[in-house]
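Shown next: coords_31.txt, given as compact mmCIF, N, CA and C atoms.
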```txt
# COMPACT_ATOMS: atom_id res chain seq x y z
N GLN A 810 117.03 12.44 3.89
CA GLN A 810 116.60 12.31 5.27
C GLN A 810 117.42 11.20 5.93
N VAL A 811 117.98 11.54 7.09
CA VAL A 811 118.82 10.58 7.79
C VAL A 811 117.96 9.54 8.49
N GLN A 812 118.34 8.30 8.34
CA GLN A 812 117.68 7.20 9.04
C GLN A 812 118.73 6.37 9.75
N VAL A 813 118.37 5.93 10.94
CA VAL A 813 119.24 5.05 11.72
C VAL A 813 118.48 3.77 11.99
N VAL A 814 119.10 2.66 11.64
CA VAL A 814 118.44 1.37 11.77
C VAL A 814 119.32 0.41 12.57
N GLU A 815 118.72 -0.15 13.63
CA GLU A 815 119.44 -1.17 14.40
C GLU A 815 119.06 -2.55 13.89
N SER A 816 119.96 -3.48 14.08
CA SER A 816 119.69 -4.87 13.77
C SER A 816 120.57 -5.75 14.64
N GLY A 817 120.27 -7.04 14.65
CA GLY A 817 121.10 -7.99 15.36
C GLY A 817 120.51 -8.54 16.64
N GLY A 818 119.36 -8.05 17.04
CA GLY A 818 118.74 -8.58 18.24
C GLY A 818 118.22 -9.99 18.03
N GLY A 819 117.78 -10.61 19.11
CA GLY A 819 117.25 -11.96 19.01
C GLY A 819 117.15 -12.62 20.37
N LEU A 820 116.95 -13.92 20.34
CA LEU A 820 116.82 -14.73 21.54
C LEU A 820 118.14 -15.47 21.78
N VAL A 821 118.63 -15.39 23.00
CA VAL A 821 119.90 -16.03 23.32
C VAL A 821 119.83 -16.59 24.73
N GLN A 822 120.57 -17.65 24.98
CA GLN A 822 120.61 -18.22 26.31
C GLN A 822 121.58 -17.46 27.20
N PRO A 823 121.40 -17.53 28.51
CA PRO A 823 122.37 -16.88 29.41
C PRO A 823 123.78 -17.35 29.12
N GLY A 824 124.70 -16.39 29.10
CA GLY A 824 126.08 -16.69 28.75
C GLY A 824 126.39 -16.54 27.29
N GLY A 825 125.38 -16.35 26.48
CA GLY A 825 125.57 -16.21 25.05
C GLY A 825 125.96 -14.81 24.62
N SER A 826 126.10 -14.63 23.30
CA SER A 826 126.56 -13.35 22.74
C SER A 826 125.66 -12.91 21.60
N LEU A 827 125.59 -11.61 21.42
CA LEU A 827 124.93 -11.01 20.28
C LEU A 827 125.73 -9.79 19.84
N ARG A 828 125.62 -9.48 18.57
CA ARG A 828 126.26 -8.29 18.02
C ARG A 828 125.19 -7.41 17.40
N LEU A 829 125.02 -6.23 17.97
CA LEU A 829 124.04 -5.28 17.45
C LEU A 829 124.74 -4.30 16.50
N SER A 830 123.99 -3.93 15.47
CA SER A 830 124.49 -2.99 14.47
C SER A 830 123.58 -1.79 14.39
N CYS A 831 124.17 -0.64 14.12
CA CYS A 831 123.44 0.62 14.00
C CYS A 831 123.98 1.33 12.76
N VAL A 832 123.18 1.35 11.70
CA VAL A 832 123.65 1.92 10.44
C VAL A 832 122.90 3.20 10.12
N ALA A 833 123.64 4.22 9.75
CA ALA A 833 123.04 5.49 9.37
C ALA A 833 123.04 5.59 7.85
N SER A 834 121.91 5.98 7.30
CA SER A 834 121.80 6.18 5.86
C SER A 834 121.20 7.55 5.57
N GLY A 835 121.32 7.97 4.31
CA GLY A 835 120.76 9.25 3.92
C GLY A 835 121.62 10.44 4.28
N THR A 836 122.90 10.17 4.54
CA THR A 836 123.82 11.24 4.89
C THR A 836 125.20 10.94 4.35
N ALA A 837 125.91 12.02 4.01
CA ALA A 837 127.29 11.86 3.56
C ALA A 837 128.27 12.12 4.69
N PHE A 838 127.74 12.41 5.87
CA PHE A 838 128.60 12.78 6.98
C PHE A 838 128.84 11.60 7.92
N ASP A 839 129.93 11.70 8.67
CA ASP A 839 130.31 10.62 9.56
C ASP A 839 129.46 10.58 10.81
N MET A 840 129.33 9.38 11.34
CA MET A 840 128.73 9.18 12.65
C MET A 840 129.81 9.52 13.67
N ASN A 841 129.67 10.64 14.37
CA ASN A 841 130.72 11.07 15.29
C ASN A 841 130.65 10.38 16.64
N ILE A 842 129.43 10.10 17.07
CA ILE A 842 129.20 9.46 18.36
C ILE A 842 128.10 8.42 18.18
N VAL A 843 128.28 7.29 18.81
CA VAL A 843 127.19 6.32 18.89
C VAL A 843 126.97 6.01 20.37
N ALA A 844 125.73 6.04 20.76
CA ALA A 844 125.37 5.68 22.13
C ALA A 844 124.28 4.62 22.08
N TRP A 845 124.35 3.71 23.02
CA TRP A 845 123.38 2.63 23.10
C TRP A 845 122.61 2.74 24.41
N TYR A 846 121.33 2.49 24.29
CA TYR A 846 120.43 2.51 25.43
C TYR A 846 119.61 1.21 25.39
N ARG A 847 119.01 0.89 26.51
CA ARG A 847 118.08 -0.23 26.51
C ARG A 847 116.90 0.09 27.43
N GLN A 848 115.81 -0.58 27.13
CA GLN A 848 114.60 -0.37 27.93
C GLN A 848 113.96 -1.71 28.19
N ALA A 849 113.98 -2.11 29.45
CA ALA A 849 113.28 -3.33 29.84
C ALA A 849 111.80 -3.01 30.04
N GLN A 850 110.97 -4.01 29.87
CA GLN A 850 109.53 -3.79 29.98
C GLN A 850 109.20 -3.23 31.36
N GLY A 851 108.45 -2.12 31.36
CA GLY A 851 108.05 -1.49 32.61
C GLY A 851 109.08 -0.55 33.22
N ASN A 852 110.24 -0.46 32.58
CA ASN A 852 111.31 0.40 33.10
C ASN A 852 111.58 1.57 32.18
N GLN A 853 112.31 2.53 32.71
CA GLN A 853 112.72 3.64 31.87
C GLN A 853 113.91 3.23 31.00
N ARG A 854 114.08 3.97 29.92
CA ARG A 854 115.21 3.73 29.06
C ARG A 854 116.49 4.11 29.80
N GLU A 855 117.50 3.25 29.74
CA GLU A 855 118.76 3.52 30.44
C GLU A 855 119.92 3.50 29.46
N TRP A 856 120.86 4.38 29.73
CA TRP A 856 122.08 4.44 28.92
C TRP A 856 123.00 3.29 29.31
N ILE A 857 123.66 2.70 28.30
CA ILE A 857 124.58 1.61 28.62
C ILE A 857 125.98 1.81 28.04
N ALA A 858 126.13 2.54 26.93
CA ALA A 858 127.47 2.68 26.38
C ALA A 858 127.52 3.82 25.38
N THR A 859 128.69 4.44 25.28
CA THR A 859 128.95 5.51 24.31
C THR A 859 130.33 5.34 23.72
N ARG A 860 130.42 5.63 22.43
CA ARG A 860 131.72 5.60 21.76
C ARG A 860 131.84 6.82 20.87
N LEU A 861 132.95 7.51 20.97
CA LEU A 861 133.24 8.63 20.08
C LEU A 861 134.08 8.12 18.91
N ARG A 862 133.89 8.73 17.78
CA ARG A 862 134.67 8.35 16.61
C ARG A 862 136.16 8.52 16.88
N ALA A 863 136.48 9.53 17.69
CA ALA A 863 137.88 9.80 18.01
C ALA A 863 138.48 8.74 18.92
N GLY A 864 137.63 7.88 19.51
CA GLY A 864 138.17 6.77 20.26
C GLY A 864 137.71 6.63 21.69
N ALA A 865 137.33 7.72 22.34
CA ALA A 865 136.92 7.63 23.74
C ALA A 865 135.63 6.82 23.87
N TYR A 866 135.48 6.16 25.00
CA TYR A 866 134.29 5.35 25.23
C TYR A 866 133.99 5.29 26.73
N ASN A 867 132.78 4.87 27.02
CA ASN A 867 132.36 4.74 28.41
C ASN A 867 131.22 3.74 28.49
N TYR A 868 131.11 3.06 29.63
CA TYR A 868 130.10 2.03 29.82
C TYR A 868 129.41 2.20 31.16
N ALA A 869 128.16 1.79 31.19
CA ALA A 869 127.46 1.68 32.47
C ALA A 869 128.07 0.52 33.26
N ASP A 870 128.05 0.63 34.55
CA ASP A 870 128.64 -0.42 35.39
C ASP A 870 128.02 -1.79 35.13
N SER A 871 126.75 -1.79 34.78
CA SER A 871 126.03 -3.05 34.61
C SER A 871 126.54 -3.87 33.42
N VAL A 872 127.22 -3.22 32.47
CA VAL A 872 127.69 -3.94 31.28
C VAL A 872 129.21 -3.93 31.13
N LYS A 873 129.88 -3.20 32.00
CA LYS A 873 131.33 -3.06 31.90
C LYS A 873 132.00 -4.43 31.99
N GLY A 874 132.91 -4.68 31.06
CA GLY A 874 133.61 -5.96 31.04
C GLY A 874 132.91 -7.02 30.20
N ARG A 875 131.66 -6.77 29.82
CA ARG A 875 130.90 -7.75 29.02
C ARG A 875 130.55 -7.21 27.64
N PHE A 876 130.31 -5.91 27.55
CA PHE A 876 129.90 -5.29 26.28
C PHE A 876 131.06 -4.46 25.74
N ALA A 877 131.12 -4.35 24.41
CA ALA A 877 132.12 -3.51 23.76
C ALA A 877 131.45 -2.71 22.66
N VAL A 878 131.66 -1.39 22.68
CA VAL A 878 131.04 -0.49 21.71
C VAL A 878 132.12 0.03 20.77
N SER A 879 131.79 0.11 19.49
CA SER A 879 132.76 0.58 18.50
C SER A 879 132.04 1.26 17.35
N ILE A 880 132.82 1.92 16.50
CA ILE A 880 132.32 2.51 15.27
C ILE A 880 133.18 1.99 14.13
N ASP A 881 132.53 1.42 13.14
CA ASP A 881 133.22 1.01 11.91
C ASP A 881 133.22 2.23 11.00
N ASN A 882 134.37 2.89 10.92
CA ASN A 882 134.43 4.16 10.18
C ASN A 882 134.11 3.97 8.70
N ALA A 883 134.55 2.87 8.15
CA ALA A 883 134.36 2.65 6.72
C ALA A 883 132.89 2.48 6.36
N LYS A 884 132.13 1.88 7.30
CA LYS A 884 130.72 1.59 7.02
C LYS A 884 129.79 2.60 7.68
N ASN A 885 130.35 3.52 8.47
CA ASN A 885 129.52 4.46 9.22
C ASN A 885 128.50 3.69 10.06
N GLU A 886 129.00 2.72 10.77
CA GLU A 886 128.17 1.77 11.51
C GLU A 886 128.61 1.71 12.97
N GLY A 887 127.65 1.82 13.84
CA GLY A 887 127.91 1.62 15.26
C GLY A 887 127.67 0.17 15.61
N ILE A 888 128.51 -0.37 16.49
CA ILE A 888 128.43 -1.79 16.83
C ILE A 888 128.43 -1.93 18.34
N LEU A 889 127.58 -2.81 18.83
CA LEU A 889 127.59 -3.18 20.24
C LEU A 889 127.76 -4.69 20.33
N GLN A 890 128.93 -5.12 20.74
CA GLN A 890 129.19 -6.54 20.94
C GLN A 890 128.85 -6.88 22.38
N MET A 891 127.93 -7.81 22.55
CA MET A 891 127.45 -8.17 23.88
C MET A 891 127.82 -9.61 24.18
N ASN A 892 128.61 -9.80 25.20
CA ASN A 892 129.05 -11.13 25.61
C ASN A 892 128.54 -11.45 27.01
N ASN A 893 128.52 -12.74 27.32
CA ASN A 893 128.08 -13.19 28.63
C ASN A 893 126.75 -12.55 29.02
N LEU A 894 125.80 -12.64 28.13
CA LEU A 894 124.50 -12.02 28.37
C LEU A 894 123.78 -12.70 29.54
N GLN A 895 123.09 -11.88 30.30
CA GLN A 895 122.36 -12.35 31.47
C GLN A 895 120.87 -12.03 31.31
N LEU A 896 120.06 -12.66 32.15
CA LEU A 896 118.61 -12.46 32.06
C LEU A 896 118.25 -10.98 32.14
N GLU A 897 118.96 -10.25 32.98
CA GLU A 897 118.63 -8.83 33.18
C GLU A 897 119.03 -7.95 32.01
N ASP A 898 119.69 -8.52 31.01
CA ASP A 898 120.02 -7.75 29.81
C ASP A 898 118.86 -7.72 28.82
N THR A 899 117.81 -8.43 29.11
CA THR A 899 116.64 -8.45 28.23
C THR A 899 116.02 -7.07 28.11
N GLY A 900 115.67 -6.70 26.88
CA GLY A 900 115.02 -5.42 26.65
C GLY A 900 115.12 -5.01 25.20
N VAL A 901 114.59 -3.84 24.92
CA VAL A 901 114.73 -3.26 23.58
C VAL A 901 115.96 -2.35 23.59
N TYR A 902 116.84 -2.58 22.65
CA TYR A 902 118.09 -1.83 22.57
C TYR A 902 117.98 -0.77 21.47
N TYR A 903 118.33 0.45 21.83
CA TYR A 903 118.24 1.59 20.93
C TYR A 903 119.62 2.18 20.69
N CYS A 904 119.81 2.62 19.48
CA CYS A 904 121.04 3.32 19.09
C CYS A 904 120.70 4.79 18.90
N LYS A 905 121.58 5.66 19.39
CA LYS A 905 121.48 7.09 19.12
C LYS A 905 122.77 7.52 18.44
N ALA A 906 122.63 7.97 17.20
CA ALA A 906 123.79 8.38 16.42
C ALA A 906 123.85 9.90 16.34
N THR A 907 125.01 10.45 16.60
CA THR A 907 125.24 11.88 16.44
C THR A 907 125.99 12.11 15.14
N ILE A 908 125.35 12.84 14.23
CA ILE A 908 125.94 13.14 12.92
C ILE A 908 125.95 14.65 12.78
N ARG A 909 127.15 15.18 12.63
CA ARG A 909 127.37 16.62 12.76
C ARG A 909 126.90 17.03 14.15
N THR A 910 125.87 17.79 14.28
CA THR A 910 125.42 18.19 15.63
C THR A 910 124.05 17.66 15.99
N ARG A 911 123.51 16.82 15.12
CA ARG A 911 122.15 16.33 15.37
C ARG A 911 122.18 14.88 15.82
N GLU A 912 121.19 14.55 16.63
CA GLU A 912 121.07 13.20 17.15
C GLU A 912 119.90 12.48 16.48
N TYR A 913 120.14 11.23 16.16
CA TYR A 913 119.14 10.43 15.48
C TYR A 913 118.99 9.10 16.22
N TRP A 914 117.73 8.75 16.49
CA TRP A 914 117.44 7.50 17.17
C TRP A 914 116.97 6.44 16.17
N GLY A 915 117.36 5.22 16.46
CA GLY A 915 116.82 4.11 15.71
C GLY A 915 115.51 3.64 16.33
N GLN A 916 114.92 2.64 15.71
CA GLN A 916 113.60 2.16 16.13
C GLN A 916 113.69 1.11 17.23
N GLY A 917 114.89 0.60 17.47
CA GLY A 917 115.08 -0.40 18.52
C GLY A 917 115.10 -1.81 17.98
N THR A 918 115.81 -2.66 18.71
CA THR A 918 115.85 -4.09 18.37
C THR A 918 115.74 -4.89 19.67
N GLN A 919 114.93 -5.91 19.64
CA GLN A 919 114.64 -6.68 20.84
C GLN A 919 115.75 -7.69 21.13
N VAL A 920 116.20 -7.69 22.37
CA VAL A 920 117.13 -8.70 22.86
C VAL A 920 116.45 -9.44 24.00
N THR A 921 116.36 -10.74 23.87
CA THR A 921 115.75 -11.56 24.91
C THR A 921 116.75 -12.62 25.36
N VAL A 922 117.05 -12.61 26.64
CA VAL A 922 117.94 -13.60 27.22
C VAL A 922 117.09 -14.54 28.07
N SER A 923 117.06 -15.80 27.67
CA SER A 923 116.19 -16.75 28.35
C SER A 923 116.74 -18.16 28.21
N SER A 924 116.54 -18.95 29.25
CA SER A 924 116.96 -20.34 29.19
C SER A 924 115.79 -21.22 28.76
```
I'd like the structure from this file rewritten - as structure tokens, please.
Amino acid sequence: QVQVVESGGGLVQPGGSLRLSCVASGTAFDMNIVAWYRQAQGNQREWIATRLRAGAYNYADSVKGRFAVSIDNAKNEGILQMNNLQLEDTGVYYCKATIRTREYWGQGTQVTVSS
């Protein structure tokens, strides 16, 4: 059974950085696409970044220039490097991994930006 687990969230001051990880287990197949979403309290879940294993990527305007999404092919791990974090980046961050043709969601990791 495929499981996707995020990690790396925490409390950070404005201007700080965090690195989120999304690891898929229980499969011998590659993570072809990783997408990251976040959900602030009281808001709907919003898409923020996507990376294809083949290299293409895209970002929401709100994070462009500050966040970087990648896939570590050797570890089958999706990564979201978040720099210059702002108060409005606070929320639960979710990873969605596409393996073969199926999508798998992680349980989420909390990111809190506060002074």
inquiry  = Would you pick out the contacts of Thr899 (chain A) at 7 Å or less, using only C-alpha atoms, so that residues sharing its chain but fewer than 6 positions from it are not included, and give the list as a PyMOL selection string?
reply    = chain A and resi 849+920-922
inquiry  = Run DSSP on the backbone and tell me which residues of region 815-869 of chain A come out as strand (DSSP E or B); list them as a VMD selection string.
reply    = chain A and resid 815 to 816 819 to 821 827 to 834 840 to 848 855 to 861 866 to 868
query = What is the distance, in Å and to one decimal place, between atom C of Ala906 (chain A) and atom C of Asn892 (chain A)?
reply =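 These two atoms are separated by 24.3 Å.
With CA of Glu886 (chain A) on one side and CA of Asp870 (chain A) on the other, the separation reads 24.0 Å.
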Which residues are close to Gly835 (chain A), i.e. within 8 Å by only N, CA and C atoms, leaving aside same-chain residues fewer than 3 positions away? Reply as an mmCIF file with N, CA and C atoms, in the frame of the given file.
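And here's out12.cif as it stands now:
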```
data_model
loop_
_atom_site.group_PDB
_atom_site.id
_atom_site.type_symbol
_atom_site.label_atom_id
_atom_site.label_comp_id
_atom_site.auth_asym_id
_atom_site.auth_seq_id
_atom_site.Cartn_x
_atom_site.Cartn_y
_atom_site.Cartn_z
ATOM 1 N N GLN A 810 117.030 12.440 3.890
ATOM 2 C CA GLN A 810 116.600 12.310 5.270
ATOM 3 C C GLN A 810 117.420 11.200 5.930
ATOM 4 N N VAL A 811 117.980 11.540 7.090
ATOM 5 C CA VAL A 811 118.820 10.580 7.790
ATOM 6 C C VAL A 811 117.960 9.540 8.490
ATOM 7 N N GLN A 812 118.340 8.300 8.340
ATOM 8 C CA GLN A 812 117.680 7.200 9.040
ATOM 9 C C GLN A 812 118.730 6.370 9.750
ATOM 10 N N VAL A 813 118.370 5.930 10.940
ATOM 11 C CA VAL A 813 119.240 5.050 11.720
ATOM 12 C C VAL A 813 118.480 3.770 11.990
ATOM 13 N N VAL A 832 123.180 1.350 11.700
ATOM 14 C CA VAL A 832 123.650 1.920 10.440
ATOM 15 C C VAL A 832 122.900 3.200 10.120
ATOM 16 N N PHE A 838 127.740 12.410 5.870
ATOM 17 C CA PHE A 838 128.600 12.780 6.980
ATOM 18 C C PHE A 838 128.840 11.600 7.920
#
```
Selected residue of minimal separation from Gln822 (chain A) among A:Leu896, A:Ala883, A:Ile908, A:Val901, counting all atoms listed in the file = A:Leu896
request  = May I have the residues within 12 Å of Lys884 (chain A) as a PyMOL selection string, using only C-alpha atoms and disregarding those fewer than 4 positions away in the same chain?
outcome  = chain A and resi 830-834+837-840+879-880+888
key: d(CA of Ala863 (chain A), atom C of Leu889 (chain A)) in Å   = 17.8 Å
request  = Go through A:Leu820, A:Val814, A:Leu894, A:Cys904 and flag the residue nearest Ala844 (chain A), using only N, CA and C atoms for the distances.
outcome  = A:Cys904
Calculate, to one decimal in Å, the centre and edge lengths of the box along x, y and z of the file that holds all listed atoms of region 899-915 of chain A with 4 Å of margin on each side, and present them as JSON.
```
{"center_x": 121.0, "center_y": 4.9, "center_z": 20.9, "size_x": 20.8, "size_y": 34.6, "size_z": 24.5}
```
